[in-house]
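Q: Data: data14.cif, mmCIF, C-alpha atoms and all ligand atoms.
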data_input
loop_
_atom_site.label_atom_id
_atom_site.label_comp_id
_atom_site.auth_asym_id
_atom_site.auth_seq_id
_atom_site.Cartn_x
_atom_site.Cartn_y
_atom_site.Cartn_z
CA MET A 324 60.24 113.45 104.21
CA ARG A 325 62.83 115.32 106.29
CA SER A 326 65.89 116.43 104.30
CA LEU A 327 69.28 114.91 104.97
CA ARG A 328 71.32 117.79 106.37
CA LEU A 329 74.95 117.93 105.21
CA VAL A 330 77.02 120.44 107.20
CA TRP A 331 80.22 121.64 105.48
CA VAL A 332 82.30 122.88 108.40
CA TYR A 333 84.52 125.94 107.94
CA PRO A 334 85.17 125.97 104.17
CA ASP A 335 86.88 129.34 104.77
CA LEU A 336 89.64 127.53 106.70
CA LEU A 337 89.45 123.87 105.70
CA SER A 338 89.02 122.99 102.04
CA THR A 339 92.14 122.06 100.08
CA TYR A 340 92.50 120.01 96.90
CA GLY A 341 88.82 120.15 96.02
CA ASP A 342 87.55 118.59 99.26
CA ARG A 343 84.25 120.36 98.59
CA GLY A 344 83.68 117.55 96.08
CA ASN A 345 82.92 115.31 99.06
CA VAL A 346 79.82 117.37 99.83
CA LEU A 347 78.73 117.34 96.18
CA VAL A 348 79.08 113.57 95.91
CA LEU A 349 77.04 112.93 99.06
CA GLU A 350 74.37 115.26 97.71
CA ARG A 351 74.31 113.56 94.30
CA ARG A 352 74.24 110.01 95.67
CA ALA A 353 71.44 110.89 98.08
CA ARG A 354 69.38 112.64 95.38
CA LEU A 355 69.84 109.76 92.91
CA ARG A 356 68.07 107.66 95.56
CA GLY A 357 65.26 110.15 95.99
CA LEU A 358 66.47 111.46 99.35
CA PRO A 359 65.97 115.22 99.75
CA VAL A 360 69.20 116.98 100.78
CA GLU A 361 70.01 120.32 102.36
CA ILE A 362 73.58 121.65 102.37
CA VAL A 363 74.58 124.00 105.17
CA GLU A 364 77.92 125.80 104.78
CA VAL A 365 79.25 127.10 108.08
CA ASN A 366 82.11 129.56 108.03
CA SER A 367 84.36 129.94 111.06
CA ASP A 368 82.55 133.08 112.30
CA GLN A 369 79.23 131.22 112.39
CA ARG A 370 77.68 128.85 114.90
CA VAL A 371 77.82 125.17 114.00
CA PRO A 372 74.25 123.83 113.77
CA ARG A 373 73.48 121.01 116.18
CA ASP A 374 70.93 119.21 114.02
CA GLY A 375 73.00 118.09 111.00
CA ASP A 376 73.10 114.47 109.85
CA ILE A 377 76.58 114.43 108.28
CA TYR A 378 79.37 116.91 109.15
CA LEU A 379 82.27 117.27 106.74
CA MET A 380 85.67 118.87 107.23
CA GLY A 381 88.43 119.19 104.64
CA GLY A 382 92.18 119.67 104.62
CA GLY A 383 94.05 122.83 105.51
CA GLU A 384 97.38 124.44 106.24
CA ASP A 385 98.79 124.26 109.79
CA LEU A 386 97.60 127.70 110.94
CA PRO A 387 94.00 127.50 109.67
CA GLN A 388 93.86 123.98 111.13
CA THR A 389 94.78 125.36 114.57
CA LEU A 390 92.29 128.24 114.30
CA ALA A 391 89.51 125.90 113.19
CA THR A 392 90.14 123.59 116.15
CA ARG A 393 90.04 126.45 118.67
CA ARG A 394 86.77 127.70 117.23
CA LEU A 395 85.15 124.28 117.16
CA LEU A 396 86.16 123.63 120.77
CA ALA A 397 84.67 126.98 121.81
CA ASP A 398 81.50 126.46 119.74
CA GLY A 399 80.73 122.96 120.98
CA GLY A 400 78.27 122.25 118.14
CA LEU A 401 80.26 119.51 116.44
CA HIS A 402 80.77 117.71 119.77
CA GLU A 403 77.07 117.97 120.59
CA ALA A 404 76.07 116.62 117.18
CA ALA A 405 78.63 113.78 117.27
CA GLY A 406 77.50 112.90 120.81
CA GLY A 407 73.94 112.68 119.48
CA GLY A 408 74.94 110.18 116.78
CA ALA A 409 75.61 112.44 113.77
CA VAL A 410 78.12 111.24 111.18
CA VAL A 411 81.45 113.09 111.03
CA PHE A 412 83.71 112.71 107.99
CA ALA A 413 87.05 114.54 108.05
CA VAL A 414 89.98 114.73 105.64
CA CYS A 415 93.67 115.36 106.38
CA ALA A 416 93.82 118.50 108.58
CA GLY A 417 90.21 117.80 109.56
CA TYR A 418 91.18 114.21 110.32
CA GLN A 419 94.13 115.22 112.52
CA MET A 420 91.84 117.65 114.35
CA LEU A 421 89.58 114.78 115.45
CA GLY A 422 92.37 113.41 117.66
CA THR A 423 93.54 114.55 121.07
CA GLU A 424 96.60 116.42 119.73
CA PHE A 425 98.28 117.39 116.46
CA GLY A 426 101.37 119.27 115.35
CA GLY A 427 100.60 122.91 114.58
CA VAL A 428 102.78 125.65 113.12
CA GLU A 429 106.49 124.71 113.58
CA GLY A 430 105.28 121.37 114.98
CA ALA A 431 104.17 122.79 118.35
CA PRO A 432 101.55 120.44 119.87
CA VAL A 433 97.98 121.73 119.64
CA GLN A 434 95.01 120.33 121.56
CA GLY A 435 92.62 118.52 119.21
CA LEU A 436 88.87 118.00 119.35
CA GLY A 437 89.25 114.70 121.19
CA LEU A 438 86.57 112.89 119.19
CA LEU A 439 88.94 110.03 118.31
CA ASP A 440 91.62 108.31 120.42
CA MET A 441 94.65 109.28 118.33
CA ARG A 442 97.38 111.88 118.19
CA SER A 443 99.39 113.36 115.34
CA GLY A 444 102.80 114.96 115.19
CA ARG A 445 105.07 116.13 112.41
CA GLY A 446 106.98 113.52 110.43
CA GLU A 447 110.48 113.93 109.01
CA VAL A 448 109.33 114.00 105.40
CA ARG A 449 106.20 115.29 103.79
CA ALA A 450 103.99 112.52 102.38
CA VAL A 451 102.94 113.58 98.89
CA GLY A 452 101.44 111.40 96.18
CA GLU A 453 98.93 108.75 95.29
CA ILE A 454 97.70 106.43 98.02
CA VAL A 455 95.94 103.07 97.79
CA ALA A 456 94.59 101.31 100.87
CA ASP A 457 92.43 98.28 101.70
CA VAL A 458 89.52 99.09 103.99
CA ASP A 459 88.70 97.23 107.23
CA PRO A 460 86.67 94.26 105.91
CA GLY A 461 83.98 94.93 108.52
CA LEU A 462 83.01 98.12 106.67
CA ASN A 463 82.37 96.47 103.30
CA VAL A 464 83.94 99.29 101.25
CA GLY A 465 86.14 98.71 98.19
CA ARG A 466 89.83 99.57 97.99
CA LEU A 467 90.53 103.26 98.58
CA THR A 468 92.24 105.45 96.01
CA GLY A 469 93.30 108.99 96.82
CA PHE A 470 95.94 111.68 96.91
CA GLU A 471 97.83 112.65 100.06
CA ASN A 472 99.85 115.73 100.96
CA HIS A 473 100.69 116.08 104.64
CA GLN A 474 103.57 116.39 107.09
CA GLY A 475 101.65 114.81 109.95
CA VAL A 476 102.06 111.25 111.18
CA THR A 477 99.23 109.77 113.22
CA ARG A 478 99.31 107.18 116.00
CA LEU A 479 96.06 105.48 116.89
CA GLY A 480 95.18 104.64 120.49
CA PRO A 481 93.40 101.45 121.62
CA ASN A 482 89.91 102.97 121.38
CA VAL A 483 89.86 103.63 117.67
CA ARG A 484 90.16 101.38 114.62
CA PRO A 485 92.28 101.95 111.53
CA LEU A 486 90.10 102.63 108.51
CA ALA A 487 92.42 100.80 106.12
CA ARG A 488 95.86 99.21 105.50
CA THR A 489 98.05 101.08 103.05
CA GLU A 490 99.19 99.29 99.94
CA LEU A 491 100.80 102.38 98.44
CA GLY A 492 101.60 105.70 100.09
CA THR A 493 102.00 106.79 103.70
CA GLY A 494 98.62 107.34 105.40
CA ASN A 495 99.07 107.33 109.19
CA GLY A 496 102.73 106.41 108.73
CA ASP A 497 102.67 102.90 110.25
CA GLY A 498 101.03 100.88 107.49
CA THR A 499 97.53 102.01 108.41
CA GLU A 500 95.39 104.77 106.96
CA GLY A 501 92.63 106.79 108.57
CA ALA A 502 90.57 105.88 111.62
CA TYR A 503 87.00 105.47 112.79
CA LEU A 504 84.93 104.92 115.89
CA GLY A 505 81.17 104.65 115.70
CA ARG A 506 80.09 107.15 113.07
CA VAL A 507 83.15 109.39 113.29
CA LEU A 508 85.58 108.67 110.45
CA GLY A 509 88.73 110.39 109.23
CA THR A 510 91.17 109.82 106.39
CA TYR A 511 94.26 111.41 104.85
CA LEU A 512 92.74 110.98 101.38
CA HIS A 513 92.07 113.90 99.13
CA GLY A 514 91.15 113.23 95.54
CA PRO A 515 88.47 114.18 96.63
CA ALA A 516 88.02 111.02 98.71
CA LEU A 517 84.30 110.49 98.12
CA VAL A 518 84.53 111.26 94.40
CA ARG A 519 87.11 108.51 93.96
CA ASN A 520 85.50 106.17 96.49
CA PRO A 521 81.72 106.11 96.14
CA GLY A 522 81.60 103.08 98.46
CA LEU A 523 82.88 105.28 101.28
CA ALA A 524 80.24 107.92 100.44
CA ASP A 525 77.56 105.22 100.63
CA LEU A 526 78.85 104.04 104.02
CA LEU A 527 78.36 107.57 105.40
CA LEU A 528 74.90 107.84 103.82
CA TYR A 529 73.97 104.44 105.26
CA TRP A 530 75.11 105.50 108.73
CA ALA A 531 72.99 108.65 108.44
CA ALA A 532 69.90 107.36 106.63
CA GLY A 533 69.81 103.55 106.93
CA PRO A 534 69.60 101.01 104.09
CA LEU A 535 69.63 102.64 100.65
CA PRO A 536 68.44 101.53 97.21
CA GLN A 537 71.04 100.83 94.50
CA ILE A 538 72.02 103.64 92.16
CA PRO A 539 71.31 102.97 88.44
CA PRO A 540 74.51 101.45 86.94
CA GLN A 541 74.77 104.11 84.20
CA ALA A 542 75.00 106.80 86.91
CA GLU A 543 78.15 105.03 88.21
CA GLU A 544 80.05 104.97 84.91
CA LEU A 545 82.10 108.13 85.43
CA ALA A 546 83.06 107.20 88.99
CA ASN A 547 84.05 103.69 87.92
CA ALA A 548 86.13 105.05 85.02
CA LEU A 549 87.91 107.47 87.37
CA ARG A 550 88.67 104.69 89.85
CA ALA A 551 89.98 102.38 87.15
CA GLU A 552 92.17 105.12 85.69
CA ARG A 553 93.66 106.18 89.04
CA LEU A 554 94.25 102.64 90.35
CA GLY A 555 95.62 101.54 86.96
CA ALA A 556 98.06 104.46 86.92
CA VAL A 557 99.76 103.46 90.19
CA LEU A 558 99.30 99.72 90.75
CA PRO A 559 101.38 97.11 88.91
CA ARG A 560 99.27 95.17 86.41
N1 LIG B 1 98.58 120.67 107.94
C1 LIG B 1 98.47 119.23 107.96
C2 LIG B 1 99.77 118.50 107.61
O1 LIG B 1 100.58 119.00 106.89
C3 LIG B 1 97.33 118.79 107.04
C4 LIG B 1 97.61 119.06 105.59
C5 LIG B 1 96.40 118.84 104.72
O2 LIG B 1 95.27 118.99 105.16
N2 LIG B 1 96.60 118.53 103.45
O3 LIG B 1 99.99 117.40 108.10
#
Would you kindly transcribe this structure into C-alpha cells?
A:
Amino acid sequence: MRSLRLVWVYPDLLSTYGDRGNVLVLERRARLRGLPVEIVEVNSDQRVPRDGDIYLMGGGEDLPQTLATRRLLADGGLHEAAGGGAVVFAVCAGYQMLGTEFGGVEGAPVQGLGLLDMRSGRGEVRAVGEIVADVDPGLNVGRLTGFENHQGVTRLGPNVRPLARTELGTGNGDGTEGAYLGRVLGTYLHGPALVRNPGLADLLLYWAAGPLPQIPPQAEELANALRAERLGAVLPR
C-alpha cells in the first residue's frame, strides 16, 4: 500500500504554539487504522514536493509569514498540489496566507497565496485566549476547542465557506471562524487544533484517504479527556 504523505511546510518559519502536534496527530490516527504514513518536513530553502497527500502549515510572526508566502508563490509546489486535489490544512498565519491578502509587518498589505477567497488585515486589538466554535453541520465535525493569538481579522468572500461559528473568542472577527473550499481548510485555532479536535483530523484523513475504520475507543481516552477539560474550563455548565 502506498504511504500517506504528510508534508509539513516550512517549520523553520511557521510553527508556533506546538502546531507540529497537528502532524503527529494525523500520523497517529492514520497508523492506528493501519495506514502507512510518511512525514516530509520542508524548510523554506527546500522545494515543496508536488506529490503530498496532506500539506500542513502552522502559525508564525508577521515577518516569517511574509517570507513564507513569497517563497511559496515562487516555488509553486503547494499550488500545484492543491490544484491536483491534495488536502491543505493551515493554522493562523498559515491560514491568513491562504487568502488573497493579509496584513504584514506594520499592517502593510501583503499578497497572499490566493488559494481561498478571503483577505485579512490587522484588527484594533489582539485576539488572545480560548476559542470555542461550532462547525458547519455539513462537515460532521464536533465543536471546536482551541487557543487563538492573532492581530489579524479575516473577511471571507463569496467563494469560500466559514468553517465554524464562534461561541467564544474572536476567530475571523465577525462571528465566524476559519474557512474552507474543497479540500483546502484554514483555522485560527492553535492548541494544537488537531490534538484538541480529533474529528477535524479525521475529516482531513477522510479527504485524503477515503472512508476510514473506527479507532479503538481506549485510544481516544486522552483526547476525550483533554477536550472535556478544555471545554469545561471555559463554557458555563
Ligand atoms: N501574524 C499573524 C497575526 O498576528 C498570525 C499570528 C499567528 O500565527 N499566531 O495575525
Q: Check which residues fall inside 9 Å of ligand LIG 1 (chain B) when counting only C-alpha atoms and all ligand atoms, and print them as an NGL selection string.
A: :A and (337-340 or 381-389 or 414-419 or 425-428 or 443-446 or 449-450 or 471-476 or 511-513)
Q: Taking all atoms of region 371-381 of chain A that appear in the file, build a box with edges along x, y and z, extend it by 4 Å on every side, and state its centre and edge lengths in Å to one decimal, as AutoDock Vina command-line options.
A:
--center_x 79.7 --center_y 119.8 --center_z 110.4 --size_x 25.5 --size_y 18.7 --size_z 19.5
Q: Would you mind listing what lies within 9 Å of Thr499 (chain A) as JSON, numbers by chain, with all atoms listed in the file counted and same-chain residues fewer than 4 positions away left out?
A: {"A": [456, 485, 486, 487, 488, 489, 493, 494, 495]}
Q: Store the residues picked out above in a file with C-alpha atoms, as a PDB file, in the coordinates of the input.
A:
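Just written: selection-v2.pdb:
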ATOM      1  CA  ALA A 456      94.590 101.310 100.870  1.00  0.00           C
ATOM      2  CA  PRO A 485      92.280 101.950 111.530  1.00  0.00           C
ATOM      3  CA  LEU A 486      90.100 102.630 108.510  1.00  0.00           C
ATOM      4  CA  ALA A 487      92.420 100.800 106.120  1.00  0.00           C
ATOM      5  CA  ARG A 488      95.860  99.210 105.500  1.00  0.00           C
ATOM      6  CA  THR A 489      98.050 101.080 103.050  1.00  0.00           C
ATOM      7  CA  THR A 493     102.000 106.790 103.700  1.00  0.00           C
ATOM      8  CA  GLY A 494      98.620 107.340 105.400  1.00  0.00           C
ATOM      9  CA  ASN A 495      99.070 107.330 109.190  1.00  0.00           C
TER      10      ASN A 495
END
Q: Compute the distance from (73.4, 106.5, 101.2) to each atom, counting all atoms listed in the file, keep the residues with any atom at most 6 Å away, and return them as an MDAnalysis selection string; use the coordinates of the file.
A: chainID A and resid 353 525 528:529 535
Q: Got time to write the residues from that selection, C-alpha atoms, as a JSON list (two decimals), in the frame of the given file?
A:
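Output (selection-v8.json):
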[["chain", "number", "residue", "atom", "x", "y", "z"],
["A", 353, "ALA", "CA", 71.44, 110.89, 98.08],
["A", 525, "ASP", "CA", 77.56, 105.22, 100.63],
["A", 528, "LEU", "CA", 74.90, 107.84, 103.82],
["A", 529, "TYR", "CA", 73.97, 104.44, 105.26],
["A", 535, "LEU", "CA", 69.63, 102.64, 100.65]]
Q: Pick out the closest residue to Gly341 (chain A) from this set: A:Gly408, A:Gly514, A:Pro534, A:Gly555. Count all atoms listed in the file.
A: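 When distances to Gly341 (chain A) are compared using all atoms listed in the file, the smallest one comes from A:Gly514.
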Q: What does the structure give for the distance between CA of Glu500 (chain A) and CA of Leu436 (chain A), in Å to one decimal?
A: 19.3 Å
Q: What is the CA of Met441 (chain A)-CA of Arg478 (chain A) distance in Å, reported with one decimal?
A: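 Computing it gives 5.6 Å between the two atoms.
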Q: Between A:Asp368, A:Asp342, A:Glu543, A:Asp497, which residue has the minimum interatomic distance to Leu355 (chain A), considering only C-alpha atoms?
A: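 Ranking A:Asp368, A:Asp342, A:Glu543, A:Asp497 by distance to Leu355 (chain A), first place goes to A:Glu543.
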Q: Near Asp440 (chain A), within 10 Å and counting all atoms listed in the file, which residues show up once chain neighbours fewer than 3 positions away are dropped, as a PyMOL selection string?
A: chain A and resi 421-424+437+478-484+502-504
Q: Quote the spacing between CA of Met380 (chain A) and CA of Tyr333 (chain A) in Å to one decimal place.
A: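 So the two atoms, CA of Met380 (chain A) and CA of Tyr333 (chain A), lie 7.2 Å apart.
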Q: Can you tell me, as a PyMOL selection string, what residues are no more than 7 Å from Gly492 (chain A) when counting all atoms listed in the file, ignoring any on the same chain fewer than 6 positions away?
A: chain A and resi 452-455
Q: Considering all atoms listed in the file, state which residue in the set A:Asp335, A:Asp459, A:Asp376, A:Glu361 is at the smallest distance from Leu527 (chain A).
A: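 Using all atoms listed in the file, Leu527 (chain A) sits closest to A:Asp376.
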Q: Set the distance at 8 Å and use all atoms listed in the file: which residues neighbour Asp398 (chain A) once local chain neighbours fewer than 4 positions away are removed? I'd like the list as a ChimeraX atom specification.
A: /A:370-371,394
Q: Next, write the just-selected residues to a file, as a PDB file, in the frame of the given file, keeping C-alpha atoms as the atom set.
A:
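Output saved as selection05.pdb:
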ATOM      1  CA  ARG A 370      77.680 128.850 114.900  1.00  0.00           C
ATOM      2  CA  VAL A 371      77.820 125.170 114.000  1.00  0.00           C
ATOM      3  CA  ARG A 394      86.770 127.700 117.230  1.00  0.00           C
TER       4      ARG A 394
END
Q: Considering only C-alpha atoms, can you say which of A:Arg393, A:Arg351, A:Arg373, A:Arg553 comes closest to Gly407 (chain A)?
A: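 The shortest atom-to-atom distance to Gly407 (chain A) comes from A:Arg373.
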Q: So which one's closest to Leu347 (chain A), A:Val557, A:Leu549, A:Leu438, A:Ala524? Using only C-alpha atoms, please.
A: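 Of the candidates, the smallest distance to Leu347 (chain A) is held by A:Ala524.
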Q: With C-alpha atoms retained, output region 400-491 of chain A as a compact mmCIF listing (two decimals), in the first residue's frame.
A:
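Below is the file selection_20.txt, written as the result:
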# COMPACT_ATOMS: atom_id res chain seq x y z
CA GLY A 400 4.57 23.38 -5.37
CA LEU A 401 1.75 23.99 -2.92
CA HIS A 402 -0.43 25.47 -5.68
CA GLU A 403 0.30 22.54 -7.98
CA ALA A 404 -0.54 20.01 -5.26
CA ALA A 405 -3.72 21.84 -4.20
CA GLY A 406 -4.77 22.12 -7.85
CA GLY A 407 -4.32 18.34 -8.13
CA GLY A 408 -6.66 17.70 -5.19
CA ALA A 409 -4.24 17.47 -2.24
CA VAL A 410 -5.54 18.46 1.19
CA VAL A 411 -4.21 21.71 2.68
CA PHE A 412 -4.62 22.44 6.39
CA ALA A 413 -3.33 25.78 7.68
CA VAL A 414 -3.34 27.46 11.09
CA CYS A 415 -3.35 31.18 11.93
CA ALA A 416 -0.50 32.76 9.91
CA GLY A 417 -0.74 29.80 7.53
CA TYR A 418 -4.50 30.35 7.35
CA GLN A 419 -4.16 34.06 6.55
CA MET A 420 -1.61 33.18 3.87
CA LEU A 421 -4.21 31.09 2.01
CA GLY A 422 -6.19 34.25 1.20
CA THR A 423 -5.58 36.89 -1.44
CA GLU A 424 -4.06 39.42 1.00
CA PHE A 425 -3.04 39.76 4.64
CA GLY A 426 -1.54 42.42 6.89
CA GLY A 427 2.22 42.06 7.17
CA VAL A 428 4.73 43.91 9.33
CA GLU A 429 3.21 47.26 10.49
CA GLY A 430 -0.03 46.14 8.80
CA ALA A 431 1.20 46.77 5.23
CA PRO A 432 -0.87 44.63 2.83
CA VAL A 433 0.96 41.56 1.51
CA GLN A 434 -0.16 39.43 -1.44
CA GLY A 435 -1.35 36.02 -0.25
CA LEU A 436 -1.32 32.62 -1.92
CA GLY A 437 -4.80 33.12 -3.35
CA LEU A 438 -5.98 29.58 -2.60
CA LEU A 439 -9.07 30.84 -0.73
CA ASP A 440 -11.36 33.79 -1.48
CA MET A 441 -10.66 35.84 1.65
CA ARG A 442 -8.49 38.68 2.85
CA SER A 443 -7.06 39.59 6.24
CA GLY A 444 -5.98 42.87 7.76
CA ARG A 445 -4.90 43.98 11.19
CA GLY A 446 -7.55 44.43 13.86
CA GLU A 447 -7.54 47.06 16.60
CA VAL A 448 -6.94 44.57 19.39
CA ARG A 449 -5.04 41.34 19.52
CA ALA A 450 -7.29 38.30 19.96
CA VAL A 451 -5.75 36.12 22.66
CA GLY A 452 -7.41 33.29 24.55
CA GLU A 453 -9.54 30.21 24.38
CA ILE A 454 -11.91 29.80 21.46
CA VAL A 455 -14.93 27.54 21.02
CA ALA A 456 -16.77 27.26 17.71
CA ASP A 457 -19.50 25.13 16.14
CA VAL A 458 -18.50 23.60 12.82
CA ASP A 459 -20.52 23.85 9.59
CA PRO A 460 -23.01 20.97 10.03
CA GLY A 461 -22.20 19.73 6.51
CA LEU A 462 -18.74 18.68 7.70
CA ASN A 463 -19.93 16.44 10.53
CA VAL A 464 -17.19 17.52 12.97
CA GLY A 465 -17.78 18.14 16.69
CA ARG A 466 -17.48 21.52 18.39
CA LEU A 467 -14.01 23.05 18.04
CA THR A 468 -11.86 23.92 21.03
CA GLY A 469 -8.61 25.83 20.63
CA PHE A 470 -6.38 28.71 21.59
CA GLU A 471 -6.01 31.86 19.48
CA ASN A 472 -3.37 34.58 19.43
CA HIS A 473 -3.52 36.89 16.42
CA GLN A 474 -3.90 40.52 15.39
CA GLY A 475 -5.44 39.69 12.04
CA VAL A 476 -9.13 39.92 11.19
CA THR A 477 -10.36 37.95 8.20
CA ARG A 478 -13.20 38.69 5.78
CA LEU A 479 -14.47 35.83 3.66
CA GLY A 480 -15.52 36.36 0.04
CA PRO A 481 -18.50 34.66 -1.64
CA ASN A 482 -16.46 31.70 -2.92
CA VAL A 483 -15.43 30.27 0.41
CA ARG A 484 -17.39 28.90 3.37
CA PRO A 485 -16.84 29.65 7.04
CA LEU A 486 -15.55 26.58 8.86
CA ALA A 487 -17.46 27.37 12.05
CA ARG A 488 -19.48 29.91 14.09
CA THR A 489 -17.73 31.22 17.18
CA GLU A 490 -19.34 30.65 20.53
CA LEU A 491 -16.40 32.04 22.49
